[in-house]
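Data first, discussion second: the structure below is written as structure tokens.
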Amino acid sequence: AMAGRRDTCSTMGGRLAAVCLIALLVLPAGVAQTPNPSAEDLDEGDMGTLTQMLHWSLEHQDLDALHDEAEAIRARTALPEGGDGGGPTITHAAEFDAERLTELKELAGLMARSLPDNTQLMRDALRAALGDCAGRECAPGERAEGLEALEELVEDIDNARDFKAMGGYPQVVTLLASPDPETAAGAAWVLGTAAQNNAEIQEHLCDLGVPGALIALVAAPPATSSPGQADLARAKALYALSAVCRDSERGFWAIVDGNGLHALALALGQESPAVVRKALTLITDLARSASRGQGAGGGATLGVDGARGGRPSLARSLSAAVAHNAT
């Protein structure tokens, strides 16, 4: 199974690292005996994510300089002898011998390596999703597990942006056209999760033509002998379409001008409650956008009930799509 599950440490990130590093500097000598595992140095030219920068800073921490700085701070802020009424005042940091410095450096390196590298996790998950299993044939379900792990990772807004910097979204988009409905559904799920409440990713996915690809998936999911799998692909595509196009002018017109209303009318005629529910959710989002005016500069738009800007109303357009699909 993919090791793409995020643990608590990944959400605490730099705060945890800072606390741990401070703790290392005040631990009594002899406490740390954990050996330093071997690992490749982080590529200094690849600093695209916060996680990578944290790893690099820990790997390259100068503990001697850190000790000198701590001693200087203590010297400037120390109270006069007995000034706090609590006994002796510490006015300098204890000197570290070579053995103690080695222990601290080993622990700092261990801590750096123990923090999850979400960028690498996303790369690994994407490889599995694309069917690249290190030169071997992917096991059944391994692609689905890769997509599921990737979906969990891009739920974090920083990871979603890092995945864009990695150039990962175009590769996921290709999976929307997969003949396997489970793979197509997983790809739609990843894109929808990444785009939620993230205008930057919405815009990027519109640049990639994702609304049109999702509309095609809603209208004609991959052929399968299982109606349930086709319904799953449609439902995930509708979910992603809502996330990519919600509160987005480009997304709104991509649906309206891209045969999206016909696809929605088709979804409303399905027997799957999940498909119908998600279609109704998307129609509600479109109605809200129309009522607010999603045309250029808030100008010409469909309108919900009445025609505007020479276009029919959203209600009339959707009614015409339903009637067309019924014939």
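Going by the structure tokens order, chains are called A, B, ..., each with residues numbered from 1, while ligands are numbered from 1 in the order shown.
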
Q.
Which residues are near Arg246 of chain A? Cut-off 10 Å, only C-alpha atoms, ignore same chain within fewer than 3 positions. Put them as an NGL selection string.
A. :A and (195-197 or 199 or 202 or 240-243 or 249-252 or 282 or 285-286 or 288-289)

With all heavy atoms retained, export the selected residues as a short mmCIF file (atom, residue, chain, number, x, y, z; two decimals), in the first residue's frame.
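Final output, saved to result-v8.cif:
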```cif
data_model
loop_
_atom_site.label_atom_id
_atom_site.label_comp_id
_atom_site.auth_asym_id
_atom_site.auth_seq_id
_atom_site.Cartn_x
_atom_site.Cartn_y
_atom_site.Cartn_z
N ALA A 195 -8.78 21.81 -6.09
CA ALA A 195 -9.35 23.09 -6.50
C ALA A 195 -10.27 23.72 -5.46
O ALA A 195 -10.63 24.89 -5.58
CB ALA A 195 -10.14 22.91 -7.81
N GLN A 196 -10.65 22.97 -4.44
CA GLN A 196 -11.60 23.50 -3.46
C GLN A 196 -11.03 24.73 -2.76
O GLN A 196 -9.95 24.67 -2.16
CB GLN A 196 -11.92 22.43 -2.41
CG GLN A 196 -12.86 21.35 -2.90
CD GLN A 196 -13.36 20.50 -1.76
OE1 GLN A 196 -14.50 20.60 -1.33
NE2 GLN A 196 -12.50 19.65 -1.25
N ASN A 197 -11.77 25.83 -2.83
CA ASN A 197 -11.39 27.07 -2.14
C ASN A 197 -9.96 27.50 -2.48
O ASN A 197 -9.24 28.05 -1.64
CB ASN A 197 -11.53 26.90 -0.62
CG ASN A 197 -12.91 26.45 -0.22
OD1 ASN A 197 -13.91 26.99 -0.66
ND2 ASN A 197 -12.98 25.44 0.64
N ALA A 199 -8.37 29.52 -5.57
CA ALA A 199 -8.55 30.21 -6.86
C ALA A 199 -7.35 30.00 -7.79
O ALA A 199 -7.52 29.92 -9.01
CB ALA A 199 -8.77 31.70 -6.62
N GLN A 202 -7.85 26.63 -9.35
CA GLN A 202 -8.99 26.71 -10.27
C GLN A 202 -8.55 27.31 -11.61
O GLN A 202 -8.89 26.79 -12.68
CB GLN A 202 -10.10 27.58 -9.67
CG GLN A 202 -10.92 26.92 -8.58
CD GLN A 202 -11.99 27.87 -8.06
OE1 GLN A 202 -11.71 29.04 -7.76
NE2 GLN A 202 -13.21 27.38 -7.95
N ALA A 240 -15.84 17.32 -9.03
CA ALA A 240 -14.69 18.10 -9.48
C ALA A 240 -15.13 19.33 -10.27
O ALA A 240 -14.55 20.42 -10.13
CB ALA A 240 -13.76 17.23 -10.33
N LEU A 241 -16.15 19.18 -11.09
CA LEU A 241 -16.64 20.31 -11.89
C LEU A 241 -17.15 21.42 -10.97
O LEU A 241 -16.91 22.61 -11.22
CB LEU A 241 -17.74 19.82 -12.82
CG LEU A 241 -18.07 20.66 -14.06
CD1 LEU A 241 -16.84 20.93 -14.90
CD2 LEU A 241 -19.15 19.96 -14.89
N SER A 242 -17.83 21.05 -9.89
CA SER A 242 -18.30 22.05 -8.93
C SER A 242 -17.13 22.77 -8.28
O SER A 242 -17.13 23.99 -8.12
CB SER A 242 -19.16 21.38 -7.85
OG SER A 242 -20.39 20.93 -8.36
N ALA A 243 -16.10 21.99 -7.88
CA ALA A 243 -14.96 22.59 -7.19
C ALA A 243 -14.15 23.50 -8.11
O ALA A 243 -13.70 24.57 -7.70
CB ALA A 243 -14.06 21.48 -6.63
N GLU A 249 -15.51 32.90 -12.81
CA GLU A 249 -16.15 33.37 -14.04
C GLU A 249 -15.77 32.46 -15.22
O GLU A 249 -16.63 32.08 -16.03
CB GLU A 249 -15.73 34.81 -14.33
CG GLU A 249 -16.37 35.38 -15.58
CD GLU A 249 -16.01 36.84 -15.80
OE1 GLU A 249 -15.63 37.51 -14.83
OE2 GLU A 249 -16.09 37.30 -16.95
N ARG A 250 -14.49 32.12 -15.30
CA ARG A 250 -14.07 31.24 -16.40
C ARG A 250 -14.76 29.88 -16.30
O ARG A 250 -15.16 29.31 -17.32
CB ARG A 250 -12.55 31.04 -16.36
CG ARG A 250 -11.76 32.23 -16.84
CD ARG A 250 -10.28 31.88 -16.88
NE ARG A 250 -9.99 30.89 -17.92
CZ ARG A 250 -8.80 30.34 -18.08
NH1 ARG A 250 -7.79 30.66 -17.28
NH2 ARG A 250 -8.59 29.46 -19.04
N GLY A 251 -14.85 29.37 -15.09
CA GLY A 251 -15.49 28.08 -14.91
C GLY A 251 -16.97 28.11 -15.26
O GLY A 251 -17.51 27.17 -15.87
N PHE A 252 -17.64 29.20 -14.89
CA PHE A 252 -19.06 29.36 -15.19
C PHE A 252 -19.31 29.29 -16.70
O PHE A 252 -20.14 28.52 -17.18
CB PHE A 252 -19.54 30.70 -14.63
CG PHE A 252 -20.97 31.03 -14.94
CD1 PHE A 252 -21.98 30.60 -14.11
CD2 PHE A 252 -21.31 31.79 -16.05
CE1 PHE A 252 -23.32 30.91 -14.38
CE2 PHE A 252 -22.62 32.11 -16.34
CZ PHE A 252 -23.63 31.66 -15.50
N LEU A 282 -24.40 21.35 -8.39
CA LEU A 282 -23.73 22.17 -9.40
C LEU A 282 -24.69 23.17 -10.03
O LEU A 282 -24.34 24.33 -10.27
CB LEU A 282 -23.12 21.28 -10.48
CG LEU A 282 -22.36 21.97 -11.61
CD1 LEU A 282 -21.34 22.97 -11.08
CD2 LEU A 282 -21.68 20.95 -12.51
N ASP A 285 -25.01 26.02 -7.72
CA ASP A 285 -23.84 26.90 -7.81
C ASP A 285 -23.93 27.81 -9.04
O ASP A 285 -23.61 29.01 -8.98
CB ASP A 285 -22.56 26.07 -7.87
CG ASP A 285 -22.24 25.38 -6.56
OD1 ASP A 285 -22.75 25.83 -5.52
OD2 ASP A 285 -21.46 24.41 -6.58
N LEU A 286 -24.36 27.24 -10.16
CA LEU A 286 -24.49 28.04 -11.38
C LEU A 286 -25.55 29.12 -11.22
O LEU A 286 -25.37 30.26 -11.68
CB LEU A 286 -24.84 27.13 -12.56
CG LEU A 286 -23.76 26.16 -13.03
CD1 LEU A 286 -24.31 25.22 -14.09
CD2 LEU A 286 -22.54 26.90 -13.55
N ARG A 288 -26.46 30.60 -8.46
CA ARG A 288 -25.93 31.66 -7.61
C ARG A 288 -24.97 32.56 -8.38
O ARG A 288 -24.99 33.78 -8.23
CB ARG A 288 -25.21 31.04 -6.41
CG ARG A 288 -26.14 30.43 -5.37
CD ARG A 288 -25.37 29.69 -4.30
NE ARG A 288 -26.25 29.15 -3.27
CZ ARG A 288 -25.89 28.23 -2.38
NH1 ARG A 288 -24.64 27.77 -2.39
NH2 ARG A 288 -26.75 27.79 -1.48
N SER A 289 -24.13 31.94 -9.21
CA SER A 289 -23.21 32.73 -10.01
C SER A 289 -23.97 33.63 -10.98
O SER A 289 -23.62 34.79 -11.18
CB SER A 289 -22.27 31.80 -10.79
OG SER A 289 -21.43 31.09 -9.90
#
```

Q: Could you give me the residues within segment 85-294 of chain A that DSSP places in alpha helix (DSSP H), as JSON, numbers by chain?
A: {"A": [98, 99, 100, 101, 102, 103, 104, 105, 106, 107, 108, 109, 110, 111, 112, 113, 114, 118, 119, 120, 121, 122, 123, 124, 125, 126, 127, 128, 129, 142, 143, 144, 145, 146, 147, 148, 149, 150, 151, 152, 153, 154, 157, 158, 159, 160, 161, 162, 163, 164, 165, 169, 170, 171, 172, 173, 174, 181, 182, 183, 184, 185, 186, 187, 188, 189, 190, 191, 192, 193, 194, 195, 199, 200, 201, 202, 203, 204, 205, 206, 207, 210, 211, 212, 213, 214, 215, 216, 217, 218, 219, 227, 228, 229, 230, 231, 232, 233, 234, 235, 236, 237, 238, 239, 240, 241, 242, 243, 244, 245, 249, 250, 251, 252, 253, 254, 255, 256, 257, 260, 261, 262, 263, 264, 265, 266, 267, 268, 273, 274, 275, 276, 277, 278, 279, 280, 281, 282, 283, 284, 285, 286, 287, 288, 289, 290, 291, 292]}

Q.
Please determine, counting only C-alpha atoms, which residue among A:Thr224, A:Arg161, A:Ala235, A:Ala230 has the shortest atom-to-atom distance to Ile201 of chain A.
A. A:Arg161

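Going from atom CA of Leu217 of chain A to atom CA of Ala144 of chain A covers 17.7 Å.
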